[in-house]
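Engineer: First, the structure itself, so that you have it in front of you.
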Amino acid sequence: MSRVMPPYLGAAYYPEAWPAEQVDEDIRLMLDAGLNVARIGEFAWSSMEPEEDRYAFDWLHRVVDKLGEAGIATIMGTPTATPPAWLSERYPEILAVGPDGVRAQHGARRHVCPNSPVYRDHCARIVTRLALEFGRDENVIGWQIDNEVHPWQGRGCYCEVCVAEFRERLRCKFDTIDDLNAAWGMALWSQAYQSFAQVPAPRPDIWHHPSLLTEWALFHSESQIQYVAHQAEILRRSVSQPIGTDMMPTLACDYREMHRALDLVQYNHYDGMDTLWRQVFWMDYVRPLKDRPFWNTETATCWNGSTAANGYKEPGFCRVNSWLPVALGGEANLYWLWRAHWSGQELMHGSVVSSCGRPLHMIDEVREIGAGFRQCAEFLNGTRPVRPEVAVHFSHFAWWLFRFQPMINKFDYPEALMGRFYRPLMDAQLRADVIDPAADLEAYRLVCSPFLPALDEGGLSERLYAWIEAGGTWIVGPLADVRTLDATKYIHAPFGRLEDWAGVRCAGQIPGDPRDFALRWAHGAESTGSLWYDGLEPAGAATALATYADGPFEGLAAATETPVGDGRIVLLGTLPGPDDLGRLLLKCADASGIAPAEASANVLLVPRMGQAGVGFVALERENRPGTLKLTRPATDLLTGRQCRGEIAVSPYEVLVLQE
Amino acid sequence: MSRVMPPYLGAAYYPEAWPAEQVDEDIRLMLDAGLNVARIGEFAWSSMEPEEDRYAFDWLHRVVDKLGEAGIATIMGTPTATPPAWLSERYPEILAVGPDGVRAQHGARRHVCPNSPVYRDHCARIVTRLALEFGRDENVIGWQIDNEVHPWQGRGCYCEVCVAEFRERLRCKFDTIDDLNAAWGMALWSQAYQSFAQVPAPRPDIWHHPSLLTEWALFHSESQIQYVAHQAEILRRSVSQPIGTDMMPTLACDYREMHRALDLVQYNHYDGMDTLWRQVFWMDYVRPLKDRPFWNTETATCWNGSTAANGYKEPGFCRVNSWLPVALGGEANLYWLWRAHWSGQELMHGSVVSSCGRPLHMIDEVREIGAGFRQCAEFLNGTRPVRPEVAVHFSHFAWWLFRFQPMINKFDYPEALMGRFYRPLMDAQLRADVIDPAADLEAYRLVCSPFLPALDEGGLSERLYAWIEAGGTWIVGPLADVRTLDATKYIHAPFGRLEDWAGVRCAGQIPGDPRDFALRWAHGAESTGSLWYDGLEPAGAATALATYADGPFEGLAAATETPVGDGRIVLLGTLPGPDDLGRLLLKCADASGIAPAEASANVLLVPRMGQAGVGFVALERENRPGTLKLTRPATDLLTGRQCRGEIAVSPYEVLVLQE
Amino acid sequence: MSRVMPPYLGAAYYPEAWPAEQVDEDIRLMLDAGLNVARIGEFAWSSMEPEEDRYAFDWLHRVVDKLGEAGIATIMGTPTATPPAWLSERYPEILAVGPDGVRAQHGARRHVCPNSPVYRDHCARIVTRLALEFGRDENVIGWQIDNEVHPWQGRGCYCEVCVAEFRERLRCKFDTIDDLNAAWGMALWSQAYQSFAQVPAPRPDIWHHPSLLTEWALFHSESQIQYVAHQAEILRRSVSQPIGTDMMPTLACDYREMHRALDLVQYNHYDGMDTLWRQVFWMDYVRPLKDRPFWNTETATCWNGSTAANGYKEPGFCRVNSWLPVALGGEANLYWLWRAHWSGQELMHGSVVSSCGRPLHMIDEVREIGAGFRQCAEFLNGTRPVRPEVAVHFSHFAWWLFRFQPMINKFDYPEALMGRFYRPLMDAQLRADVIDPAADLEAYRLVCSPFLPALDEGGLSERLYAWIEAGGTWIVGPLADVRTLDATKYIHAPFGRLEDWAGVRCAGQIPGDPRDFALRWAHGAESTGSLWYDGLEPAGAATALATYADGPFEGLAAATETPVGDGRIVLLGTLPGPDDLGRLLLKCADASGIAPAEASANVLLVPRMGQAGVGFVALERENRPGTLKLTRPATDLLTGRQCRGEIAVSPYEVLVLQE
């Protein structure tokens, strides 16, 4: 095994694009920059197999060996995101097909059909060979399958193989076509099919049924998942290192399902200064997926760009952005990319060194980050973030469902979930896991399910009530429990079961476009709701937390609280503003015995513990001054400074505090 | 015949999408809501004919019978907007083809070729059967053909059948290809055809000749008209009830032509609070089309929506929106839809009751509307709106012509006609018919023809001059009489005949982009024109009403008045602002002995008379206080209140005033 | 030869679209308007050859003869922009193909494949015949090939012929496919080709390599160039008059290359009041291309428009717009069009007379322009603009390169070059030639190369250094010398040679999105840079002109000056604001012994000399008062006024000043 230890600081490296002799200079520069990992191979198929069945791995061994000798470990990527020209020419059926029936052209990326048996065979061939070459190489610390897998152009491939598989999938799911018709309500518009062969691959130019569209998205998510699992299975036969696939959870695939066949989460992101806070959400999602620290496999040092650079970041950003994954439970931060490309579709992207090998302006920050990682390695490797007792549901199914039926004009699920629910929670300093509906709830005392239309997802509804009765606090809504797994409404009530569970009756519902209605809170404050309005009538033990102060629902409850066993349900019939929501969340947390961290909203404070002790990683994420408060004295391992009580945190400062 | 009497209050009902047993609950709820009509069947082909030539009408009879027993009449729709999957699969040639040559997919709506003989045969089959089943059913009070017919995706079908018919149509119209070339000026750009077979179906990616584009639009309008007429002919063989087709005049078909083969106008609209005033225009257009009260077959109760809801409407809107068609000469107002869909492409649209059968928040308004309809039925059924003496021309041909040659940057014909001409007229309280150029003029004393490029349309120019000489006042322009029926300019003068008729010479023309020029009115006021500028030189009896006060036409007339026999022509060379235009219209009305209603601009006041007496329907349409003034005392039939003199009208209030 | 003398004032004339007898009225009106040239024939193929191989030129001879008798010369156009319907029907392979594989339809313009041998043959046939008919006609003063040639829909034709030629072009350029792979860096993304047959015609829906995209654009530029050269060769066999092609340099073709086979530049433009200043740039580009005064073959009299008119222009604009080409070295100004079309795709465009033959409102300006041309003819024909000693590089290759790799978010090369570099130069009253990199530098003392990525273009780098050493001042950057001719970066340094030449080291580079950094100028002023930031370290003789005052490059130079032999290099590492840039340019000009004209920024002052004497053409181009200063007394040939010292220039005034 590699002698390189986490936390890993590294970068994507494309030696295939450069003269062979340049690797020595690159290694020298990497060492100077303080890197200890290189991510290699992901697009290099034509260099590994220049002609069908003729392989060339010597160049790659030389690179891996030299890196290893220098103390730089390798993450090896399978090159299947970019088939060589000979492959596309000889087997054009491997290329993805658009809704207009036209095949992709060579020269792109991820332009392949994930279900093509021919492509799968070729992938199997190259992955097997690559695994045999490097599966026991002690310099290789992990495997990455393909790159940012996602359905072709967001919609997926429309080739004959895919359409047939889609129909087969429906046959397996529904058994008979009449069952499908019944589940989707296809009597409307005479849409009922007489056979599965009649089900169309839904083109974007046709006004299609949302259940069909949702199913097509699910199918293409699963196609990518199976595509990844296929390679994972092959790798597993020959490799000893952990296997992942570097992906963005934003890329229209079910991330949780994707990782069943994998060992660790490899995660890419390119958020900038304005949106860095979103990464707290995404890393809170990524962390609990696997019981193993995730790898942040791609992020920018300084700016993004393809053939045009964009989004310069101010001094300190690289620092805080690089520490963020480590703070939130990862053990690796890799930049994209090491040396800027000298040609091609991404030659303007920010990097660690320029195309001519000159370190970029933020190189001192990189060096400082590497030094910090090494300095704190013992504490970081010997501790893990303390598991939060708060969880927030996030669902890829919900995402697709809302994409094809937004319910409210311009509703954007991730924007609403992150910006209008998670952000107030985060700013209130409540640490949370972001979990899939299929995730266990045992570890949590407070679970939030905003905008979660299908409670049956992942069997959640079966587990949830018992968890509440056992003492859990469930904050639910708005727009929760309003759809079946077939993307249809319930017909017995507006909700599947919320009325029963919460002891309320929904007297009516009004979409929040374009009007906001006034709310009066039980504690006296007045404000407005937004987005959606359920007019609720609490009965029995249920009480109103907020009441409508105008509009057709004046006097009805907008939010209710209902004791259930040892726990309770807080039902949001509308979306409160950030201040009201923050207050409500803190109140619920307090009632559940959960205390927020003591820090200003712009400071992320993550408690850690483990065999190496107890402490925090803290970082300022908005480039402005902040504060945090320690209950026990601690030492900042980065500076050696002793800290106690209230501490000022500088813009973009990072502290590793050991008690 | 049904014992149900107008005014009809109803909703679209889709029992095919729900359990059979639910009809009883729906009827109970309908009665509770005060409805007396249900519109059924329009998309239910696959439920009526689940397999080719196997029919199932029992379910539908049960629904119609039960409704009838409850005192709820049925409007029966032919289901041809949505062919069943077996039809599209077995006869794919029935599906519409886009300009790219690709056929539509099953699962959409109105995705059929209107000219396909195969589709026409299938339509004939199902319509014949449906007519035999319900053509003598006393619970059925009317027939609706298809649903919102319009050319596929606005452009029409490009299949081989359509292209051949298009060329045949040209052959019939022009006889020889040289005649077409001469009429369209095809010597330009070497566009001249040698045969009709060379005429292309104009694709949107090609910069085509506006005469060709206009003709293509005309062809597709006529294709839909013939498609509707085909079903009307079949229905007429077996049914006793009146026949219509529910349509929006905005949907690229010539509404007047469409209704030649029909008995009554069925009219759909979804305007909201900001644009409700437009419905005054459209209903003023719809009313005079047939000598029979029109049916407002679709409108929203509370918000619009497909898979996303949008446009919540404030309390009172449902009231005024529902009364509007009755006030303006209709006898039915039907909501779309009765019960919100539980699945499909439109599951978020507002309705009367929710998917789970709960009345929506505006149910009390619906009940009040139903009660009001019943209360005033005798008066309403025994009177009709007094025929206005003012008419405004609206032309579908003009619409297409301006679409393909807007003449001025961003000119939008319906927006200009409604917002910049009709609205000042309406706000000045001049009641008008909106008429087609083909309509008789006898009934009118003041006729307005703004933006009417082709005076030869419907033989208007042949009838118009005599009508003026006989005492009519004709307000014409701007942008009138500037195009032939072939969508080309005149070459002897800027106008076809306006110079001759009005005794003026047009010294020049300037498009109003981006500049407005100043006007000085004969009565002294100064303001600006807009949109277009004719520089006019009055001669003989013609006098200037307004003169340009700056720009290249300074000193030339911008508007003139010319006595012609017992009447006169007011020629607008530019578009005055709303105040100037309102003043001018009132002056012309006054000179014609037409008095405006006395009410604030936001109040619609429609006089009625008939064997049941004399009175008004009045309604406030802007959700703000208004007033009206009665010359004779009257009773508000809705409240029993005695009214006299000036009366305050509350926001969205409706009054039915009987003298 | 025609007895008509320049300056030419004329218009495009389409007699084929009008009754034959109307030509007499048109000539009468032309004479009244003061025109002496008509441009005829460009789209009239179907009138010249109504059926394949049957020709009809009598009508055209009649027109040319009648015009000639009236003293109006003809510019004759080849009609190949619009093939007749019979040609497209019988030989559909001549029609351009889009990236989706679909052929264009008849009825468009320039919808042909430039490489089709079939189309070339037909062009040869009609051009040969036309040349034989009019090649020796004394009334014809010049030939125009086709009309505004440019690649089909901006991307070019994707037919099989084009794709094969594209690959053949690559084979000629690179010899082996490995050379191409090496030059473009195709190891990235496994893009390497094994054969030229694998190179795709890049579709816009695929994320393609910028080197491929750049090459495709080059290929299509050359295709048009060869298409024009083909006709030029045919014409040259039979015609005695000069040959050109009316084109816009904005239309994606290399203008300089295009004109190698031609005798004079024919130039079209439609800029309005806000953008008229751009025409100074374009005419400064057009003038030095050929040693013969250019013809402004198309411009608008009053407004633009296709089927919608737009952009009315104020009084005086026609005057200044018509004099501009004459001021800047042309000898012709022709309007598009003479008589407004009465039908077709462009029937709303402004013209000299309307469709019905009435002069438009600006006719007096036209008459005055014609009179002015005649009045000043002797001086204008006997002088030419004094050749500027300043040159600015403009490159079509740079344009394509930046289109496919903008380098910075939203960077727009022509906008930046014209608006952010050339305009400050123009406003500083420094007269310049705009030159291609291939142009000789001998005549200049100050050369500016902003945004010139490839210094090897046109062999520039080989000539440049010697020119500097010999005393030239070269202002270079930002974004110069950063790309090879293969659209890739250099890998030894950020620049190809700038570091060496200027004696500086570039410590880093930062794209200017979204941040501007502060600069401190050597003379003390503080301002900000923009767009791009090189952090420069001057060494040896190099000195800093401006230094970064904040940001990561604080203290590094943003602009440097380096003496080189008798000359020097001014390297801009960032783009200064217009004031700073203007000051810098004036300083460099002064050091080179170049004095600016003395006039306010809104006045264009062009010195002329020749056998007819010495003087200026001056014109005000922003419709506001201005001034100019004469060092010697002069007479305004338009008014006869004697001028000396500082002179007020009225809005849109034109003066022709002879000393």
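Every chain in the structure tokens takes a letter, A first, then B, and so on in the order presented; its residues are numbered from 1, and the ligands are numbered from 1 following the presented order.
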Within 10 Å of C:Asp58, counting only C-alpha atoms, which residues show up once you throw out same-chain ones fewer than 6 positions away? Write them as a list in words, please.

Structural biologist: Met48, Val64 and Glu133 of chain C

Engineer: For the residues in the current selection, export N, CA and C atoms as a short mmCIF file (atom, residue, chain, number, x, y, z; two decimals), in the first residue's frame.

Structural biologist:
```
data_model
loop_
_atom_site.label_atom_id
_atom_site.label_comp_id
_atom_site.auth_asym_id
_atom_site.auth_seq_id
_atom_site.Cartn_x
_atom_site.Cartn_y
_atom_site.Cartn_z
N MET C 48 -33.05 36.30 -66.15
CA MET C 48 -32.03 36.19 -67.20
C MET C 48 -32.06 34.83 -67.89
N VAL C 64 -30.23 49.00 -69.15
CA VAL C 64 -28.87 49.55 -69.10
C VAL C 64 -28.71 50.66 -70.14
N GLU C 133 -22.57 39.49 -72.64
CA GLU C 133 -23.58 40.50 -72.97
C GLU C 133 -23.13 41.91 -72.59
#
```

Engineer: Tell me, counting only C-alpha atoms, for each residue of chain B within 8 Å of chain A, which pair of atoms is nearest and how far apart they are in Å to one decimal, in rows ordered by chain and increasing number, as a tab-separated table.

Structural biologist:
```
residue	atom	partner	partner_atom	distance
B:Tyr14	CA	A:Leu188	CA	7.8
B:Glu16	CA	A:Ala187	CA	6.2
B:Ala17	CA	A:Ala187	CA	5.4
B:Phe43	CA	A:Trp189	CA	4.8
B:Ala44	CA	A:Ser190	CA	5.6
B:Trp45	CA	A:Ser190	CA	5.8
B:Ser46	CA	A:Ser190	CA	4.7
B:Ser47	CA	A:Ala187	CA	6.8
B:Thr82	CA	A:Trp189	CA	5.6
B:Pro83	CA	A:Ser190	CA	6.5
B:Pro84	CA	A:Ser190	CA	5.2
B:Ala85	CA	A:Tyr193	CA	5.7
B:Trp86	CA	A:Gln194	CA	6.8
B:Glu89	CA	A:Gln198	CA	7.1
B:Ala104	CA	A:Ile206	CA	7.0
B:Gln105	CA	A:Ile206	CA	6.9
B:His106	CA	A:Pro200	CA	7.1
B:Gly107	CA	A:Gln191	CA	5.4
B:Ala108	CA	A:Trp207	CA	5.3
B:Arg109	CA	A:Trp189	CA	7.1
B:Thr307	CA	A:Gln405	CA	4.4
B:Ala308	CA	A:Met407	CA	3.9
B:Ala309	CA	A:Ile408	CA	4.8
B:Asn310	CA	A:Asn409	CA	5.3
B:Gly311	CA	A:Asp513	CA	5.6
B:Tyr312	CA	A:Asp513	CA	6.0
B:Pro315	CA	A:Pro552	CA	7.6
B:Trp342	CA	A:Lys489	CA	4.9
B:Ser343	CA	A:Thr488	CA	4.8
B:Gly344	CA	A:His209	CA	5.1
B:Gln345	CA	A:His209	CA	5.2
B:Met348	CA	A:Met407	CA	6.1
B:Ser355	CA	A:Ile491	CA	5.6
B:Cys356	CA	A:Ile491	CA	4.5
B:Gly357	CA	A:Ile491	CA	8.0
B:Arg358	CA	A:Gly508	CA	7.6
B:Pro359	CA	A:Gly508	CA	7.8
B:Leu360	CA	A:Gly508	CA	6.0
B:His361	CA	A:Gly508	CA	6.1
B:Met362	CA	A:Pro552	CA	8.0
```

Engineer: With C-alpha atoms retained, write the just-selected residues as a short mmCIF file (atom, residue, chain, number, x, y, z; two decimals), in the first residue's frame.

Structural biologist:
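In the end it all went to again-v8.cif:
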```
data_model
loop_
_atom_site.label_atom_id
_atom_site.label_comp_id
_atom_site.auth_asym_id
_atom_site.auth_seq_id
_atom_site.Cartn_x
_atom_site.Cartn_y
_atom_site.Cartn_z
CA TYR B 14 -63.88 13.82 -17.09
CA GLU B 16 -63.41 8.51 -17.70
CA ALA B 17 -60.51 9.39 -15.39
CA PHE B 43 -60.82 13.53 -24.92
CA ALA B 44 -62.36 10.14 -24.12
CA TRP B 45 -61.91 8.31 -27.41
CA SER B 46 -59.95 5.44 -25.88
CA SER B 47 -62.72 4.96 -23.34
CA THR B 82 -56.77 12.70 -28.77
CA PRO B 83 -56.62 9.57 -30.92
CA PRO B 84 -56.13 6.32 -29.01
CA ALA B 85 -52.74 4.66 -29.01
CA TRP B 86 -53.96 1.80 -31.22
CA GLU B 89 -49.77 2.83 -33.89
CA ALA B 104 -45.64 13.70 -33.53
CA GLN B 105 -45.74 11.07 -30.80
CA HIS B 106 -48.72 9.53 -29.04
CA GLY B 107 -49.44 11.12 -25.69
CA ALA B 108 -49.97 14.69 -26.88
CA ARG B 109 -53.11 16.59 -27.82
CA THR B 307 -48.02 20.82 -14.29
CA ALA B 308 -47.42 24.12 -12.48
CA ALA B 309 -50.13 26.34 -11.06
CA ASN B 310 -49.95 30.04 -11.80
CA GLY B 311 -51.92 33.21 -11.45
CA TYR B 312 -53.97 33.12 -8.26
CA PRO B 315 -61.82 37.19 -4.22
CA TRP B 342 -55.14 13.48 -10.28
CA SER B 343 -52.58 12.80 -12.95
CA GLY B 344 -51.43 13.96 -16.32
CA GLN B 345 -50.31 17.08 -18.09
CA MET B 348 -52.29 21.60 -11.28
CA SER B 355 -58.80 16.02 -6.85
CA CYS B 356 -60.04 14.65 -3.56
CA GLY B 357 -63.42 16.25 -3.99
CA ARG B 358 -63.08 19.23 -1.69
CA PRO B 359 -64.55 22.49 -2.91
CA LEU B 360 -61.91 25.13 -3.56
CA HIS B 361 -61.69 28.37 -1.61
CA MET B 362 -63.87 30.30 -4.07
#
```

Engineer: Might you pull out every residue within 12 Å of C:Ile72, with only C-alpha atoms counted and same-chain residues fewer than 3 positions away left off, and present them as a ChimeraX atom specification?

Structural biologist: /C:2-6,8-11,13,26-40,63-69,75,138-141

Engineer: With N, CA and C atoms retained, export the selected residues as a CSV table (one decimal), in the first residue's frame.

Structural biologist:
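Saved as again25.csv:
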```csv
chain,number,residue,atom,x,y,z
C,2,SER,N,-17.9,54.6,-69.8
C,2,SER,CA,-18.9,55.5,-69.4
C,2,SER,C,-18.4,56.9,-69.2
C,3,ARG,N,-19.2,57.8,-69.5
C,3,ARG,CA,-18.8,59.2,-69.3
C,3,ARG,C,-19.2,59.7,-67.9
C,4,VAL,N,-19.8,58.8,-67.1
C,4,VAL,CA,-20.1,59.1,-65.7
C,4,VAL,C,-18.8,59.1,-64.9
C,5,MET,N,-18.7,60.2,-64.1
C,5,MET,CA,-17.5,60.3,-63.3
C,5,MET,C,-17.8,60.2,-61.8
C,6,PRO,N,-16.8,59.7,-61.0
C,6,PRO,CA,-17.0,59.7,-59.6
C,6,PRO,C,-17.0,61.1,-59.0
C,8,TYR,N,-19.5,58.6,-57.2
C,8,TYR,CA,-20.8,58.0,-57.7
C,8,TYR,C,-21.8,58.1,-56.6
C,9,LEU,N,-23.0,58.5,-56.9
C,9,LEU,CA,-24.1,58.4,-56.0
C,9,LEU,C,-25.2,57.6,-56.7
C,10,GLY,N,-25.6,56.5,-56.0
C,10,GLY,CA,-26.5,55.6,-56.7
C,10,GLY,C,-27.3,54.8,-55.8
C,11,ALA,N,-27.9,53.8,-56.4
C,11,ALA,CA,-28.8,52.9,-55.6
C,11,ALA,C,-29.0,51.6,-56.3
C,13,TYR,N,-31.1,48.8,-58.0
C,13,TYR,CA,-32.3,48.9,-58.8
C,13,TYR,C,-32.7,47.5,-59.3
C,26,ASP,N,-38.6,55.7,-63.5
C,26,ASP,CA,-37.5,55.6,-62.5
C,26,ASP,C,-36.4,56.5,-62.9
C,27,ILE,N,-36.0,56.5,-64.2
C,27,ILE,CA,-34.9,57.3,-64.6
C,27,ILE,C,-35.1,58.8,-64.4
C,28,ARG,N,-36.4,59.2,-64.7
C,28,ARG,CA,-36.7,60.6,-64.4
C,28,ARG,C,-36.5,60.9,-62.9
C,29,LEU,N,-37.0,60.0,-62.1
C,29,LEU,CA,-36.8,60.2,-60.6
C,29,LEU,C,-35.4,60.2,-60.2
C,30,MET,N,-34.6,59.3,-60.8
C,30,MET,CA,-33.2,59.2,-60.4
C,30,MET,C,-32.5,60.5,-60.8
C,31,LEU,N,-32.8,61.0,-61.9
C,31,LEU,CA,-32.1,62.2,-62.3
C,31,LEU,C,-32.5,63.3,-61.4
C,32,ASP,N,-33.8,63.4,-61.1
C,32,ASP,CA,-34.3,64.4,-60.1
C,32,ASP,C,-33.6,64.3,-58.8
C,33,ALA,N,-33.3,63.0,-58.4
C,33,ALA,CA,-32.6,62.8,-57.1
C,33,ALA,C,-31.1,63.1,-57.2
C,34,GLY,N,-30.6,63.2,-58.4
C,34,GLY,CA,-29.2,63.4,-58.5
C,34,GLY,C,-28.3,62.2,-58.5
C,35,LEU,N,-28.9,61.0,-58.8
C,35,LEU,CA,-28.1,59.8,-58.9
C,35,LEU,C,-27.4,59.7,-60.2
C,36,ASN,N,-26.2,59.0,-60.2
C,36,ASN,CA,-25.5,58.8,-61.5
C,36,ASN,C,-25.1,57.3,-61.7
C,37,VAL,N,-25.5,56.5,-60.7
C,37,VAL,CA,-25.2,55.0,-60.9
C,37,VAL,C,-26.4,54.2,-60.4
C,38,ALA,N,-26.6,53.1,-61.1
C,38,ALA,CA,-27.6,52.1,-60.6
C,38,ALA,C,-26.9,50.7,-60.6
C,39,ARG,N,-27.2,50.0,-59.5
C,39,ARG,CA,-26.6,48.7,-59.3
C,39,ARG,C,-27.7,47.7,-59.7
C,40,ILE,N,-27.5,46.8,-60.6
C,40,ILE,CA,-28.5,46.0,-61.2
C,40,ILE,C,-28.1,44.6,-61.3
C,63,VAL,N,-32.8,48.3,-70.1
C,63,VAL,CA,-32.6,49.1,-68.9
C,63,VAL,C,-31.3,49.8,-68.9
C,64,VAL,N,-30.2,49.0,-69.2
C,64,VAL,CA,-28.9,49.6,-69.1
C,64,VAL,C,-28.7,50.7,-70.1
C,65,ASP,N,-29.2,50.4,-71.3
C,65,ASP,CA,-29.1,51.4,-72.4
C,65,ASP,C,-29.9,52.7,-72.0
C,66,LYS,N,-31.1,52.5,-71.5
C,66,LYS,CA,-31.9,53.7,-71.1
C,66,LYS,C,-31.2,54.5,-70.0
C,67,LEU,N,-30.7,53.8,-69.0
C,67,LEU,CA,-30.0,54.4,-68.0
C,67,LEU,C,-28.8,55.2,-68.5
C,68,GLY,N,-28.0,54.5,-69.4
C,68,GLY,CA,-26.8,55.1,-70.0
C,68,GLY,C,-27.2,56.4,-70.8
C,69,GLU,N,-28.2,56.3,-71.5
C,69,GLU,CA,-28.6,57.5,-72.3
C,69,GLU,C,-28.9,58.6,-71.4
C,75,ILE,N,-23.7,49.3,-62.4
C,75,ILE,CA,-22.9,48.3,-61.9
C,75,ILE,C,-23.6,47.0,-62.0
C,138,GLU,N,-20.3,50.1,-72.6
C,138,GLU,CA,-19.7,51.3,-72.1
C,138,GLU,C,-20.5,51.9,-70.9
C,139,ASN,N,-21.7,51.5,-70.8
C,139,ASN,CA,-22.5,52.0,-69.7
C,139,ASN,C,-22.3,51.3,-68.4
C,140,VAL,N,-21.6,50.2,-68.5
C,140,VAL,CA,-21.3,49.4,-67.3
C,140,VAL,C,-20.0,49.8,-66.7
C,141,ILE,N,-19.9,50.2,-65.5
C,141,ILE,CA,-18.7,50.7,-65.0
C,141,ILE,C,-18.0,49.7,-64.0
```

Engineer: Extract, using only C-alpha atoms, all DNA, RNA and protein residues at most 10 Å from C:Cys123, discarding same-chain residues fewer than 4 positions from it, and format them as a list in words.

Structural biologist: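 My reading of the contact set: Trp45, Thr78, Pro79, Thr80, Ala81, Pro83, Pro117, Val118, Tyr119, Val127, Thr128, Arg129, Asp146, Tyr227, His230, Gln231 and Ile234 of chain C.
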
Engineer: So that I can see what lies close to C:Leu605, please list as a count of residues only the residues with an atom at most 8 Å from it, counting only C-alpha atoms and leaving out residues fewer than 5 positions away in the same chain.

Structural biologist: 8

Engineer: Write out as a VMD selection string each polymer residue whose atoms come within 9 Å of A:Val390, counting only C-alpha atoms; drop sequence neighbours fewer than 3 positions from it.

Structural biologist: chain A and resid 387 430 to 434 443 to 448 589 594

Engineer: Could you give me the residues within stretch 278-348 of chain B that DSSP places in alpha helix (DSSP H), as a list in words?

Structural biologist: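 Here are the alpha helix (DSSP H) residues of stretch 278-348 of chain B: Arg278, Gln279, Val280, Phe281, Trp282, Met283, Asp284, Tyr285, Val286, Phe317, Cys318, Arg319, Val320, Asn321, Ser322, Trp323, Leu324, Pro325, Val326 and Ala327 of chain B.
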
Engineer: Quick check, in Å to one decimal: how far apart do atom CA of B:Pro414 and atom CA of B:Val504 lie?

Structural biologist: 28.1 Å

Engineer: What separation in Å, quoted to one decimal, exists between atom CA of B:Phe281 and atom CA of B:Met418?

Structural biologist: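 Straight-line distance from atom CA of B:Phe281 to atom CA of B:Met418 works out to 6.9 Å.
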
Engineer: Between atom CA of B:Ala502 and atom CA of B:Gly577, measure the distance and give it in Å to one decimal.

Structural biologist: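 Between these atoms lies a distance of 22.5 Å.
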
Engineer: Which neighbours of A:Gly555 fall inside 12 Å, counting only C-alpha atoms, when residues of the same chain fewer than 4 positions from it are skipped, and could you give them as a list in words?

Structural biologist: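 Near neighbours after the sequence-gap exclusion: Ala507, Phe517, Ala518, Leu519, Arg520, Trp521, Gly535, Leu536, Glu537, Pro538, Ala544, Ala546, Thr547, Tyr548, Ala549, Asp550, Gly551 and Ala559 of chain A.
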